[in-house]
Amino acid sequence: MLEKLACRLGRKDEQPNIELALELCNSEDAAGIKEIRDGLMGNDAATANDCIKVLYEIGYRKPHLIAGYAEDFVSLLASKNNRLVWGGMTALGTVAELSADLLFRKFEAIKSAYDNGSVITRDNSISVFAGICKASRDYNAAVFPTIIEHLRTCRPKELPQHAERAAAGVSDSNKDAFFEVLNTRIDTLTPPQRKRVDALINKLQSQGR
C-alpha cells in the first residue's frame with residue numbers, strides 16, 4: 001500500500017492519498033490499513049505525513065477501521081513534526097467517541113496538545129473533547145467544562161465553527177451552560193457569525209437539546 005502514497009509517486013498533491021483512503025474504506029482491508037499505520041510510525045517523514053492523511057480520511061468515512069490505532073494517534077501529539085501533531089488530533093477527532101475510554105485516560109496529553117498546539121490542532125481538539133463527552137455521562141461531566149472555557153475565551157471568528165464541533169457533546173445536563181456561553185458572546189460576532197451560532201442553537205433546541 002505504501003507505494004500508492006503521494007510521496008512514493010513523486011506527487012506533491014494529496015489526491016493519491018485520498019484515493020488510497022477510499023480504496024481501503026471500500027475494501028475494509030485491515031492488513032492494508034495496518035501497513036499504512038506502520039508507515040506512519042516509521043522514520044521517514046514524507047511517508048508518515050502521507051500516512052496520517054490516509055488514516056484520517058478513512059476515519060472521516062469509516063472510523064471503526066482506524067479506532068484501534070487511537071493510542072498511536074495520541075503518541076503523535078508529542079511529535080516535533082507539526083503535520084503529525086495536527087494530523088494525529090484530526091484522526092482522534094474521527095474516533096473519539098469509539099475510543100473514549102482510552103482518550104479519557106489520555107486526556108492530559110490531549111489537553112496539553114490543545115494548550116500548546118497550532119490553530120488546526122486546537123480546531124480538531126474540540127471534536128475530540130466533544131466525542132469523549134458524547135460517550136459517557138461521567139466523561140461529559142469531567143470534560144465539558146473544558147469546552148465551555150474554550151468557547152468563553154476563543155477568538156470570535158472561531159466561535160461558530162468550534163461551537164458546531166462541540167455540539168456533539170451537548171446533553172440535557174450541560175445544554176444550559178452551552179447556550180449561556182454562546183449568548184454571552186453574541187455581541188462580539190459579525191452578522192454572518194451570529195447567524196451561524198443562532199442556527200446552531202435553534203437546531204439543538206429543535207432536537208430537544
# chains A, B, ... in the order shown; residues from 1 in each chain; ligands from 1
>>> residues_around(residues="range 59-62 of chain A", least_positions_apart="3", cutoff="8 Å", atoms="only C-alpha atoms", output="VMD selection string")
chain A and resid 25 55 to 56 65 to 67 91 94 to 95
>>> write_last_selection(atoms="C-alpha atoms", output="mmCIF file, in the first residue's frame")
data_model
loop_
_atom_site.group_PDB
_atom_site.id
_atom_site.type_symbol
_atom_site.label_atom_id
_atom_site.label_comp_id
_atom_site.auth_asym_id
_atom_site.auth_seq_id
_atom_site.Cartn_x
_atom_site.Cartn_y
_atom_site.Cartn_z
ATOM 1 C CA CYS A 25 -12.556 2.086 3.037
ATOM 2 C CA LEU A 55 -5.748 7.373 8.043
ATOM 3 C CA TYR A 56 -7.825 10.383 8.952
ATOM 4 C CA LEU A 65 -11.465 0.928 10.724
ATOM 5 C CA ILE A 66 -8.866 3.094 12.490
ATOM 6 C CA ALA A 67 -10.200 3.266 16.056
ATOM 7 C CA ALA A 91 -7.576 11.366 13.363
ATOM 8 C CA THR A 94 -12.880 10.960 13.961
ATOM 9 C CA VAL A 95 -12.624 8.135 16.525
#
>>> residues_around(residues="Ile120 in chain A", least_positions_apart="2", cutoff="9 Å", atoms="only C-alpha atoms", output="mmCIF file with N, CA, C and O atoms, in the first residue's frame")
data_model
loop_
_atom_site.group_PDB
_atom_site.id
_atom_site.type_symbol
_atom_site.label_atom_id
_atom_site.label_comp_id
_atom_site.auth_asym_id
_atom_site.auth_seq_id
_atom_site.Cartn_x
_atom_site.Cartn_y
_atom_site.Cartn_z
ATOM 1 N N TRP A 86 -1.028 17.856 14.272
ATOM 2 C CA TRP A 86 -2.420 18.197 13.927
ATOM 3 C C TRP A 86 -3.098 17.075 13.158
ATOM 4 O O TRP A 86 -4.311 16.889 13.268
ATOM 5 N N GLY A 87 -2.319 16.287 12.432
ATOM 6 C CA GLY A 87 -2.916 15.125 11.774
ATOM 7 C C GLY A 87 -3.382 14.090 12.784
ATOM 8 O O GLY A 87 -4.455 13.490 12.633
ATOM 9 N N MET A 89 -4.336 14.729 15.852
ATOM 10 C CA MET A 89 -5.541 15.261 16.501
ATOM 11 C C MET A 89 -6.749 15.139 15.570
ATOM 12 O O MET A 89 -7.867 14.846 16.034
ATOM 13 N N THR A 90 -6.532 15.339 14.283
ATOM 14 C CA THR A 90 -7.626 15.170 13.318
ATOM 15 C C THR A 90 -8.123 13.736 13.337
ATOM 16 O O THR A 90 -9.338 13.486 13.359
ATOM 17 N N GLY A 117 -0.793 23.739 20.913
ATOM 18 C CA GLY A 117 -0.781 23.395 19.501
ATOM 19 C C GLY A 117 -1.128 24.529 18.562
ATOM 20 O O GLY A 117 -1.491 25.640 18.976
ATOM 21 N N SER A 118 -1.034 24.222 17.291
ATOM 22 C CA SER A 118 -1.367 25.158 16.222
ATOM 23 C C SER A 118 -2.876 25.373 16.152
ATOM 24 O O SER A 118 -3.659 24.689 16.833
ATOM 25 N N ARG A 122 -5.832 22.873 17.589
ATOM 26 C CA ARG A 122 -6.871 23.322 18.517
ATOM 27 C C ARG A 122 -8.262 23.137 17.922
ATOM 28 O O ARG A 122 -9.199 22.724 18.622
ATOM 29 N N ASP A 123 -8.422 23.424 16.641
ATOM 30 C CA ASP A 123 -9.711 23.200 15.979
ATOM 31 C C ASP A 123 -10.178 21.762 16.178
ATOM 32 O O ASP A 123 -11.317 21.505 16.587
ATOM 33 N N ASN A 124 -9.292 20.828 15.878
ATOM 34 C CA ASN A 124 -9.666 19.416 15.919
ATOM 35 C C ASN A 124 -9.781 18.869 17.335
ATOM 36 O O ASN A 124 -10.509 17.905 17.569
ATOM 37 N N SER A 125 -9.087 19.505 18.274
ATOM 38 C CA SER A 125 -9.203 19.049 19.660
ATOM 39 C C SER A 125 -10.621 19.241 20.191
ATOM 40 O O SER A 125 -11.071 18.460 21.032
#
>>> closest_residue(among="A:His150, A:His162, A:Lys157, A:Arg209", to="Pro192 in chain A", atoms="only C-alpha atoms")
A:Lys157
>>> residues_around(residues="Glu71 in chain A", least_positions_apart="5", cutoff="10 Å", atoms="only C-alpha atoms", output="PDB file with N, CA, C and O atoms, in the first residue's frame")
ATOM      1  N   LEU A  76       1.355  10.766  18.631  1.00  0.00           N
ATOM      2  CA  LEU A  76       1.780  11.776  17.666  1.00  0.00           C
ATOM      3  C   LEU A  76       1.682  13.193  18.230  1.00  0.00           C
ATOM      4  O   LEU A  76       2.350  14.106  17.737  1.00  0.00           O
ATOM      5  N   GLY A  88      -2.580  13.885  13.833  1.00  0.00           N
ATOM      6  CA  GLY A  88      -2.991  12.960  14.890  1.00  0.00           C
ATOM      7  C   GLY A  88      -4.245  13.427  15.595  1.00  0.00           C
ATOM      8  O   GLY A  88      -5.144  12.628  15.882  1.00  0.00           O
ATOM      9  N   LEU A  92      -7.846  11.589  15.769  1.00  0.00           N
ATOM     10  CA  LEU A  92      -8.531  11.360  17.047  1.00  0.00           C
ATOM     11  C   LEU A  92      -9.948  11.926  17.031  1.00  0.00           C
ATOM     12  O   LEU A  92     -10.859  11.333  17.616  1.00  0.00           O
ATOM     13  N   SER A  99     -13.339   5.525  20.861  1.00  0.00           N
ATOM     14  CA  SER A  99     -12.145   5.266  21.673  1.00  0.00           C
ATOM     15  C   SER A  99     -12.144   6.100  22.954  1.00  0.00           C
ATOM     16  O   SER A  99     -11.086   6.383  23.519  1.00  0.00           O
ATOM     17  N   LEU A 102     -10.054   5.093  26.239  1.00  0.00           N
ATOM     18  CA  LEU A 102      -8.623   5.368  26.134  1.00  0.00           C
ATOM     19  C   LEU A 102      -8.348   6.863  26.188  1.00  0.00           C
ATOM     20  O   LEU A 102      -7.458   7.314  26.913  1.00  0.00           O
ATOM     21  N   LEU A 103      -9.114   7.632  25.424  1.00  0.00           N
ATOM     22  CA  LEU A 103      -8.844   9.060  25.324  1.00  0.00           C
ATOM     23  C   LEU A 103      -9.119   9.784  26.636  1.00  0.00           C
ATOM     24  O   LEU A 103      -8.445  10.770  26.951  1.00  0.00           O
ATOM     25  N   LYS A 106      -6.116   9.372  28.556  1.00  0.00           N
ATOM     26  CA  LYS A 106      -5.020  10.152  27.972  1.00  0.00           C
ATOM     27  C   LYS A 106      -5.360  11.638  27.874  1.00  0.00           C
ATOM     28  O   LYS A 106      -4.689  12.382  27.154  1.00  0.00           O
TER      29      LYS A 106
END
>>> closest_residue(among="A:Glu57, A:Glu164, A:Glu28, A:Asp50", to="Ile126 in chain A", atoms="only C-alpha atoms")
A:Glu164
>>> select_by_dssp(residues="range 45-184 of chain A", states="alpha helix (DSSP H)", output="PyMOL selection string")
chain A and resi 45-61+70-76+82-95+100-105+107-116+119-135+137-153+159-166+175-184
>>> residues_around(residues="Glu23 in chain A", least_positions_apart="3", cutoff="12 Å", atoms="only C-alpha atoms", output="MDAnalysis selection string")
chainID A and resid 1 4 16:20 26:30 32:33 54:55 57:58 61:62
>>> atom_distance(atom1="CA of Met41 in chain A", atom2="CA of Asp72 in chain A")
7.9 Å
>>> closest_residue(among="A:Pro156, A:Ala31, A:Ala113, A:Leu98", to="Pro191 in chain A", atoms="only C-alpha atoms")
A:Pro156
>>> atom_distance(atom1="CA of Arg165 in chain A", atom2="CA of Ala21 in chain A")
23.2 Å
>>> atom_distance(atom1="CA of Thr184 in chain A", atom2="CA of Lys203 in chain A")
18.5 Å
>>> residues_around(residues="Gly169 in chain A", least_positions_apart="3", cutoff="9 Å", atoms="only C-alpha atoms", output="PDB file with all heavy atoms, in the first residue's frame")
ATOM      1  N   SER A 127     -13.323  18.695  18.558  1.00  0.00           N
ATOM      2  CA  SER A 127     -14.036  17.490  18.138  1.00  0.00           C
ATOM      3  C   SER A 127     -13.689  16.304  19.029  1.00  0.00           C
ATOM      4  O   SER A 127     -14.547  15.461  19.330  1.00  0.00           O
ATOM      5  CB  SER A 127     -13.699  17.162  16.683  1.00  0.00           C
ATOM      6  OG  SER A 127     -14.127  18.193  15.818  1.00  0.00           O
ATOM      7  N   PHE A 129     -12.704  16.494  22.251  1.00  0.00           N
ATOM      8  CA  PHE A 129     -13.382  16.713  23.533  1.00  0.00           C
ATOM      9  C   PHE A 129     -14.865  16.337  23.434  1.00  0.00           C
ATOM     10  O   PHE A 129     -15.411  15.681  24.319  1.00  0.00           O
ATOM     11  CB  PHE A 129     -13.273  18.182  23.958  1.00  0.00           C
ATOM     12  CG  PHE A 129     -11.869  18.678  24.201  1.00  0.00           C
ATOM     13  CD1 PHE A 129     -11.591  20.038  24.114  1.00  0.00           C
ATOM     14  CD2 PHE A 129     -10.833  17.824  24.521  1.00  0.00           C
ATOM     15  CE1 PHE A 129     -10.314  20.526  24.346  1.00  0.00           C
ATOM     16  CE2 PHE A 129      -9.542  18.295  24.750  1.00  0.00           C
ATOM     17  CZ  PHE A 129      -9.288  19.653  24.659  1.00  0.00           C
ATOM     18  N   ALA A 130     -15.504  16.764  22.352  1.00  0.00           N
ATOM     19  CA  ALA A 130     -16.939  16.501  22.199  1.00  0.00           C
ATOM     20  C   ALA A 130     -17.225  15.012  22.066  1.00  0.00           C
ATOM     21  O   ALA A 130     -18.209  14.514  22.616  1.00  0.00           O
ATOM     22  CB  ALA A 130     -17.480  17.258  20.991  1.00  0.00           C
ATOM     23  N   GLY A 131     -16.368  14.300  21.337  1.00  0.00           N
ATOM     24  CA  GLY A 131     -16.557  12.862  21.181  1.00  0.00           C
ATOM     25  C   GLY A 131     -16.429  12.126  22.502  1.00  0.00           C
ATOM     26  O   GLY A 131     -17.200  11.197  22.786  1.00  0.00           O
ATOM     27  N   ILE A 132     -15.462  12.533  23.310  1.00  0.00           N
ATOM     28  CA  ILE A 132     -15.315  11.935  24.641  1.00  0.00           C
ATOM     29  C   ILE A 132     -16.565  12.221  25.466  1.00  0.00           C
ATOM     30  O   ILE A 132     -17.114  11.323  26.128  1.00  0.00           O
ATOM     31  CB  ILE A 132     -14.065  12.484  25.342  1.00  0.00           C
ATOM     32  CG1 ILE A 132     -12.791  12.089  24.598  1.00  0.00           C
ATOM     33  CG2 ILE A 132     -13.992  11.977  26.790  1.00  0.00           C
ATOM     34  CD1 ILE A 132     -11.530  12.775  25.113  1.00  0.00           C
ATOM     35  N   CYS A 133     -17.030  13.455  25.427  1.00  0.00           N
ATOM     36  CA  CYS A 133     -18.229  13.837  26.188  1.00  0.00           C
ATOM     37  C   CYS A 133     -19.451  13.023  25.773  1.00  0.00           C
ATOM     38  O   CYS A 133     -20.270  12.638  26.618  1.00  0.00           O
ATOM     39  CB  CYS A 133     -18.518  15.316  25.994  1.00  0.00           C
ATOM     40  SG  CYS A 133     -17.381  16.430  26.841  1.00  0.00           S
ATOM     41  N   LYS A 134     -19.575  12.779  24.491  1.00  0.00           N
ATOM     42  CA  LYS A 134     -20.752  12.080  23.969  1.00  0.00           C
ATOM     43  C   LYS A 134     -20.818  10.630  24.443  1.00  0.00           C
ATOM     44  O   LYS A 134     -21.902  10.054  24.555  1.00  0.00           O
ATOM     45  CB  LYS A 134     -20.743  12.133  22.439  1.00  0.00           C
ATOM     46  CG  LYS A 134     -22.015  11.601  21.794  1.00  0.00           C
ATOM     47  CD  LYS A 134     -21.961  11.782  20.288  1.00  0.00           C
ATOM     48  CE  LYS A 134     -23.232  11.241  19.627  1.00  0.00           C
ATOM     49  NZ  LYS A 134     -23.164  11.389  18.147  1.00  0.00           N
ATOM     50  N   ALA A 135     -19.664  10.060  24.747  1.00  0.00           N
ATOM     51  CA  ALA A 135     -19.599   8.627  25.040  1.00  0.00           C
ATOM     52  C   ALA A 135     -20.116   8.243  26.409  1.00  0.00           C
ATOM     53  O   ALA A 135     -20.559   7.116  26.615  1.00  0.00           O
ATOM     54  CB  ALA A 135     -18.156   8.142  24.883  1.00  0.00           C
ATOM     55  N   ASN A 140     -18.542  13.266  30.239  1.00  0.00           N
ATOM     56  CA  ASN A 140     -19.119  14.564  29.905  1.00  0.00           C
ATOM     57  C   ASN A 140     -18.930  15.545  31.067  1.00  0.00           C
ATOM     58  O   ASN A 140     -18.498  16.686  30.880  1.00  0.00           O
ATOM     59  CB  ASN A 140     -20.605  14.396  29.577  1.00  0.00           C
ATOM     60  CG  ASN A 140     -21.185  15.581  28.841  1.00  0.00           C
ATOM     61  OD1 ASN A 140     -21.033  16.714  29.268  1.00  0.00           O
ATOM     62  ND2 ASN A 140     -21.867  15.323  27.741  1.00  0.00           N
ATOM     63  N   PHE A 144     -16.595  18.425  29.619  1.00  0.00           N
ATOM     64  CA  PHE A 144     -17.347  19.521  29.005  1.00  0.00           C
ATOM     65  C   PHE A 144     -16.968  20.897  29.556  1.00  0.00           C
ATOM     66  O   PHE A 144     -17.008  21.886  28.807  1.00  0.00           O
ATOM     67  CB  PHE A 144     -18.853  19.287  29.098  1.00  0.00           C
ATOM     68  CG  PHE A 144     -19.621  20.021  28.035  1.00  0.00           C
ATOM     69  CD1 PHE A 144     -19.677  19.523  26.745  1.00  0.00           C
ATOM     70  CD2 PHE A 144     -20.258  21.222  28.301  1.00  0.00           C
ATOM     71  CE1 PHE A 144     -20.365  20.193  25.739  1.00  0.00           C
ATOM     72  CE2 PHE A 144     -20.946  21.905  27.306  1.00  0.00           C
ATOM     73  CZ  PHE A 144     -20.993  21.391  26.024  1.00  0.00           C
ATOM     74  N   ARG A 165     -18.527  22.109  16.314  1.00  0.00           N
ATOM     75  CA  ARG A 165     -17.770  20.903  16.664  1.00  0.00           C
ATOM     76  C   ARG A 165     -18.162  20.400  18.057  1.00  0.00           C
ATOM     77  O   ARG A 165     -18.283  19.185  18.286  1.00  0.00           O
ATOM     78  CB  ARG A 165     -16.264  21.186  16.629  1.00  0.00           C
ATOM     79  CG  ARG A 165     -15.670  21.362  15.239  1.00  0.00           C
ATOM     80  CD  ARG A 165     -14.190  21.723  15.339  1.00  0.00           C
ATOM     81  NE  ARG A 165     -13.550  21.897  14.050  1.00  0.00           N
ATOM     82  CZ  ARG A 165     -12.911  20.956  13.362  1.00  0.00           C
ATOM     83  NH1 ARG A 165     -12.845  19.734  13.863  1.00  0.00           N
ATOM     84  NH2 ARG A 165     -12.349  21.212  12.197  1.00  0.00           N
ATOM     85  N   ALA A 166     -18.364  21.327  18.975  1.00  0.00           N
ATOM     86  CA  ALA A 166     -18.676  20.969  20.359  1.00  0.00           C
ATOM     87  C   ALA A 166     -20.080  20.414  20.519  1.00  0.00           C
ATOM     88  O   ALA A 166     -20.366  19.722  21.502  1.00  0.00           O
ATOM     89  CB  ALA A 166     -18.514  22.195  21.257  1.00  0.00           C
ATOM     90  N   ASN A 174     -25.817  19.693  30.234  1.00  0.00           N
ATOM     91  CA  ASN A 174     -24.919  20.832  30.011  1.00  0.00           C
ATOM     92  C   ASN A 174     -25.443  21.846  28.994  1.00  0.00           C
ATOM     93  O   ASN A 174     -24.769  22.829  28.712  1.00  0.00           O
ATOM     94  CB  ASN A 174     -23.533  20.347  29.584  1.00  0.00           C
ATOM     95  CG  ASN A 174     -23.562  19.558  28.282  1.00  0.00           C
ATOM     96  OD1 ASN A 174     -24.312  19.854  27.362  1.00  0.00           O
ATOM     97  ND2 ASN A 174     -22.717  18.539  28.193  1.00  0.00           N
TER      98      ASN A 174
END
>>> decode(residues="range 2-21 of chain A", atoms="N, CA and C atoms", output="PDB file, in the first residue's frame")
ATOM      1  N   LEU A   2       2.020   1.210   0.637  1.00  0.00           N
ATOM      2  CA  LEU A   2       2.843   2.416   0.742  1.00  0.00           C
ATOM      3  C   LEU A   2       3.278   2.950  -0.618  1.00  0.00           C
ATOM      4  N   GLU A   3       3.382   2.053  -1.596  1.00  0.00           N
ATOM      5  CA  GLU A   3       3.796   2.510  -2.924  1.00  0.00           C
ATOM      6  C   GLU A   3       2.743   3.392  -3.591  1.00  0.00           C
ATOM      7  N   LYS A   4       1.534   3.422  -3.030  1.00  0.00           N
ATOM      8  CA  LYS A   4       0.459   4.242  -3.594  1.00  0.00           C
ATOM      9  C   LYS A   4       0.389   5.625  -2.967  1.00  0.00           C
ATOM     10  N   LEU A   5       1.240   5.899  -1.994  1.00  0.00           N
ATOM     11  CA  LEU A   5       1.256   7.204  -1.349  1.00  0.00           C
ATOM     12  C   LEU A   5       1.768   8.273  -2.312  1.00  0.00           C
ATOM     13  N   ALA A   6       1.348   9.486  -2.104  1.00  0.00           N
ATOM     14  CA  ALA A   6       1.750  10.591  -2.981  1.00  0.00           C
ATOM     15  C   ALA A   6       3.263  10.733  -3.050  1.00  0.00           C
ATOM     16  N   CYS A   7       3.926  10.632  -1.900  1.00  0.00           N
ATOM     17  CA  CYS A   7       5.383  10.826  -1.893  1.00  0.00           C
ATOM     18  C   CYS A   7       6.109   9.743  -2.663  1.00  0.00           C
ATOM     19  N   ARG A   8       5.558   8.529  -2.690  1.00  0.00           N
ATOM     20  CA  ARG A   8       6.193   7.429  -3.423  1.00  0.00           C
ATOM     21  C   ARG A   8       5.945   7.553  -4.921  1.00  0.00           C
ATOM     22  N   LEU A   9       4.902   8.294  -5.278  1.00  0.00           N
ATOM     23  CA  LEU A   9       4.569   8.506  -6.687  1.00  0.00           C
ATOM     24  C   LEU A   9       5.180   9.796  -7.229  1.00  0.00           C
ATOM     25  N   GLY A  10       5.922  10.496  -6.379  1.00  0.00           N
ATOM     26  CA  GLY A  10       6.516  11.750  -6.810  1.00  0.00           C
ATOM     27  C   GLY A  10       5.516  12.879  -6.952  1.00  0.00           C
ATOM     28  N   ARG A  11       4.402  12.769  -6.242  1.00  0.00           N
ATOM     29  CA  ARG A  11       3.342  13.772  -6.320  1.00  0.00           C
ATOM     30  C   ARG A  11       3.427  14.724  -5.135  1.00  0.00           C
ATOM     31  N   LYS A  12       3.062  15.993  -5.360  1.00  0.00           N
ATOM     32  CA  LYS A  12       3.052  16.993  -4.304  1.00  0.00           C
ATOM     33  C   LYS A  12       1.648  17.255  -3.763  1.00  0.00           C
ATOM     34  N   ASP A  13       0.625  16.719  -4.441  1.00  0.00           N
ATOM     35  CA  ASP A  13      -0.757  16.931  -4.018  1.00  0.00           C
ATOM     36  C   ASP A  13      -1.230  15.743  -3.187  1.00  0.00           C
ATOM     37  N   GLU A  14      -2.402  15.892  -2.592  1.00  0.00           N
ATOM     38  CA  GLU A  14      -2.934  14.864  -1.689  1.00  0.00           C
ATOM     39  C   GLU A  14      -3.863  13.865  -2.379  1.00  0.00           C
ATOM     40  N   GLN A  15      -4.134  14.047  -3.653  1.00  0.00           N
ATOM     41  CA  GLN A  15      -5.127  13.195  -4.306  1.00  0.00           C
ATOM     42  C   GLN A  15      -4.802  11.699  -4.220  1.00  0.00           C
ATOM     43  N   PRO A  16      -3.543  11.276  -4.427  1.00  0.00           N
ATOM     44  CA  PRO A  16      -3.265   9.836  -4.288  1.00  0.00           C
ATOM     45  C   PRO A  16      -3.584   9.306  -2.892  1.00  0.00           C
ATOM     46  N   ASN A  17      -3.341  10.120  -1.876  1.00  0.00           N
ATOM     47  CA  ASN A  17      -3.621   9.686  -0.508  1.00  0.00           C
ATOM     48  C   ASN A  17      -5.123   9.550  -0.261  1.00  0.00           C
ATOM     49  N   ILE A  18      -5.886  10.473  -0.819  1.00  0.00           N
ATOM     50  CA  ILE A  18      -7.347  10.391  -0.692  1.00  0.00           C
ATOM     51  C   ILE A  18      -7.874   9.171  -1.437  1.00  0.00           C
ATOM     52  N   GLU A  19      -7.348   8.931  -2.611  1.00  0.00           N
ATOM     53  CA  GLU A  19      -7.775   7.757  -3.389  1.00  0.00           C
ATOM     54  C   GLU A  19      -7.440   6.465  -2.658  1.00  0.00           C
ATOM     55  N   LEU A  20      -6.275   6.421  -2.020  1.00  0.00           N
ATOM     56  CA  LEU A  20      -5.901   5.229  -1.255  1.00  0.00           C
ATOM     57  C   LEU A  20      -6.834   5.042  -0.065  1.00  0.00           C
ATOM     58  N   ALA A  21      -7.178   6.122   0.599  1.00  0.00           N
ATOM     59  CA  ALA A  21      -8.121   6.034   1.719  1.00  0.00           C
ATOM     60  C   ALA A  21      -9.462   5.475   1.258  1.00  0.00           C
TER      61      ALA A  21
END
